[in-house]
Number of protein chains: 2
Amino acid sequence: MLDFDKAGGLIAAVVQDAESGEVLMVAWQNREAFERTRETGRMHYYSRSRDKLWMKGETSGHVQEVREILVDCDRDAVVYKIRQVGGACHTGYRSCFHRRIEPNGELKLIATEKVFDPAQVYAQ
Amino acid sequence: MLDFDKAGGLIAAVVQDAESGEVLMVAWQNREAFERTRETGRMHYYSRSRDKLWMKGETSGHVQEVREILVDCDRDAVVYKIRQVGGACHTGYRSCFHRRIEPNGELKLIATEKVFDPAQVYAQ
């Protein structure tokens with residue numbers, strides 16, 4: 001159904017708020033992460049740096065509930081329309097895409113507020 | 001400004017219709033493709049299979065005009081909000097994400113119509 005061979009066993013997963021259409025994050029999935037996501041209805045990813053399957057929200061509780069799964073023409077990228085509990089970004093913002101690249105190259109914060117305090121949520 | 005080292009010189013480019021919020025395609029950019037996009041205001045990509053910089057629309061005329069550029073928290077993925085001339089997908093559909101993965105694993109066409117005829121547009 002999907003082509004995991006083109007990028008070394010991985011596909012790109014674009015996560016979009018099912019209501020607003022806002023893109024919340026982009027991450028990677030291997031076949032196992034994709035299958036676990038379909039089975040459970042909650043977003044799972046593959047971490048390249050940690051070489052590990054992980055579920056979004058396993059530490060923070062900020063799970064992503066899958067509403068719809070779209071696949072692109074060459075079957076190596078997937079759009080997940082989801083419902084986000086809390087925030088998608090580990091920095092506390094709702095979206096990982098909370099900064100704009102300005103014409104002069106500077107990064108400008110466009111998010112108006114953090115939706116959670118990462119120091120509390122990710123405290124051990 | 002961006003981290004091109006994490007995925008072998010490439011970043012993921014998510015292309016979103018600036019008006020509707022629809023995700024139209026996902027592709028790759030090396031530093032040159034990113035800089036050319038910023039300079040010209042038109043989407044440029046890097047083709048992994050052809051090892052080549054290309055501009056969307058160079059053959060079809062279906063260019064993508066950049067309205068806004070967002071960057072994610074770890075600076076290896078970018079969302080481009082664009083205006084799409086014609087269709088984003090080489091198959092003739094407006095979006096590359098024109099199919100849904102159904103619960104039984106089948107791919108179901110969700111686009112209602114093609115916006116152009118690829119046999120005509122890509123004819124030599």
# chains A, B, ... in the order shown; residues from 1 in each chain; ligands from 1
$ interface_residues --of "chain B" --to "chain A" --cutoff "6 Å" --atoms "only C-alpha atoms" --output "list in words"
Gly21, Ile69, Leu70, Val71, Asp72, Cys73, Cys96, Phe97, Arg99, Arg100 and Ile101 of chain B
$ write_last_selection --atoms "N, CA and C atoms" --output "compact mmCIF listing (two decimals), in the first residue's frame"
# COMPACT_ATOMS: atom_id res chain seq x y z
N GLY B 21 -6.02 25.72 2.74
CA GLY B 21 -5.32 24.92 3.74
C GLY B 21 -5.06 23.49 3.29
N ILE B 69 6.26 31.32 4.43
CA ILE B 69 7.15 30.18 4.72
C ILE B 69 7.23 30.00 6.23
N LEU B 70 6.83 28.82 6.69
CA LEU B 70 6.90 28.50 8.12
C LEU B 70 7.95 27.41 8.33
N VAL B 71 8.61 27.44 9.47
CA VAL B 71 9.65 26.45 9.74
C VAL B 71 9.36 25.77 11.07
N ASP B 72 9.72 24.50 11.18
CA ASP B 72 9.36 23.78 12.41
C ASP B 72 10.44 23.93 13.48
N CYS B 73 10.13 23.39 14.67
CA CYS B 73 10.95 23.64 15.85
C CYS B 73 12.38 23.15 15.67
N CYS B 96 -1.60 16.05 -4.79
CA CYS B 96 -1.02 14.70 -4.82
C CYS B 96 -1.72 13.78 -3.82
N PHE B 97 -2.35 14.36 -2.79
CA PHE B 97 -3.04 13.56 -1.77
C PHE B 97 -4.51 13.41 -2.16
N ARG B 99 -6.01 10.45 -2.63
CA ARG B 99 -6.54 9.16 -2.22
C ARG B 99 -6.50 9.00 -0.70
N ARG B 100 -7.51 8.34 -0.20
CA ARG B 100 -7.62 8.07 1.24
C ARG B 100 -7.31 6.59 1.49
N ILE B 101 -6.66 6.31 2.60
CA ILE B 101 -6.49 4.92 3.02
C ILE B 101 -7.70 4.54 3.87
$ residues_around --residues "Glu65 in chain A" --least-positions-apart "4" --cutoff "9 Å" --atoms "only C-alpha atoms" --output "list of chain:residue names"
A:Thr40, A:Gly41, A:Arg42, A:Met43, A:Lys81, A:Ile82, A:Arg83, A:Gln84, A:Val85
$ write_last_selection --atoms "C-alpha atoms" --output "mmCIF file, in the first residue's frame"
data_model
loop_
_atom_site.group_PDB
_atom_site.id
_atom_site.type_symbol
_atom_site.label_atom_id
_atom_site.label_comp_id
_atom_site.auth_asym_id
_atom_site.auth_seq_id
_atom_site.Cartn_x
_atom_site.Cartn_y
_atom_site.Cartn_z
ATOM 1 C CA THR A 40 -4.608 2.020 17.494
ATOM 2 C CA GLY A 41 -5.912 5.222 15.865
ATOM 3 C CA ARG A 42 -3.154 7.150 17.631
ATOM 4 C CA MET A 43 -0.089 8.593 15.925
ATOM 5 C CA LYS A 81 -5.908 14.532 9.738
ATOM 6 C CA ILE A 82 -6.040 14.325 13.505
ATOM 7 C CA ARG A 83 -7.452 15.697 16.711
ATOM 8 C CA GLN A 84 -4.633 17.045 18.878
ATOM 9 C CA VAL A 85 -4.847 16.771 22.642
#
$ select_by_dssp --residues "chain A" --states "alpha helix (DSSP H)" --output "tab-separated table (two decimals) with N, CA and C atoms, in the first residue's frame"
chain	number	residue	atom	x	y	z
A	31	ARG	N	7.48	1.10	8.71
A	31	ARG	CA	6.27	0.30	8.51
A	31	ARG	C	5.57	0.01	9.83
A	32	GLU	N	6.36	-0.26	10.86
A	32	GLU	CA	5.77	-0.60	12.15
A	32	GLU	C	4.99	0.59	12.74
A	33	ALA	N	5.58	1.79	12.62
A	33	ALA	CA	4.89	2.98	13.14
A	33	ALA	C	3.59	3.22	12.39
A	34	PHE	N	3.62	3.01	11.07
A	34	PHE	CA	2.41	3.17	10.27
A	34	PHE	C	1.34	2.16	10.70
A	35	GLU	N	1.74	0.89	10.85
A	35	GLU	CA	0.76	-0.14	11.21
A	35	GLU	C	0.20	0.09	12.61
A	36	ARG	N	1.06	0.47	13.54
A	36	ARG	CA	0.60	0.74	14.91
A	36	ARG	C	-0.39	1.90	14.93
A	37	THR	N	-0.13	2.91	14.09
A	37	THR	CA	-1.04	4.06	14.00
A	37	THR	C	-2.40	3.61	13.49
A	38	ARG	N	-2.40	2.77	12.45
A	38	ARG	CA	-3.68	2.30	11.90
A	38	ARG	C	-4.43	1.43	12.90
A	39	GLU	N	-3.68	0.58	13.61
A	39	GLU	CA	-4.33	-0.33	14.55
A	39	GLU	C	-4.94	0.39	15.73
A	40	THR	N	-4.20	1.39	16.24
A	40	THR	CA	-4.61	2.02	17.49
A	40	THR	C	-5.40	3.32	17.29
A	118	PRO	N	6.31	23.15	28.98
A	118	PRO	CA	7.11	21.93	28.78
A	118	PRO	C	7.87	21.51	30.04
A	119	ALA	N	8.28	22.45	30.86
A	119	ALA	CA	9.04	22.10	32.07
A	119	ALA	C	8.19	21.26	33.02
A	120	GLN	N	6.89	21.54	33.03
A	120	GLN	CA	5.99	20.73	33.87
A	120	GLN	C	5.64	19.41	33.21
A	121	VAL	N	5.29	19.48	31.91
A	121	VAL	CA	4.78	18.30	31.21
A	121	VAL	C	5.85	17.23	31.06
$ select_by_dssp --residues "chain B" --states "strand (DSSP E)" --output "ChimeraX atom specification"
/B:11-17,23-29,44-47,52-55,64-71,77-84,99-101,107-109
$ residues_around --residues "Gly92 in chain A" --least-positions-apart "3" --cutoff "7 Å" --atoms "only C-alpha atoms" --output "VMD selection string"
chain A and resid 87 89 114 to 118
$ residues_around --residues "Lys52 in chain A" --least-positions-apart "2" --cutoff "12 Å" --atoms "only C-alpha atoms" --output "ChimeraX atom specification"
/A:28-30,32-33,44-50,54-55
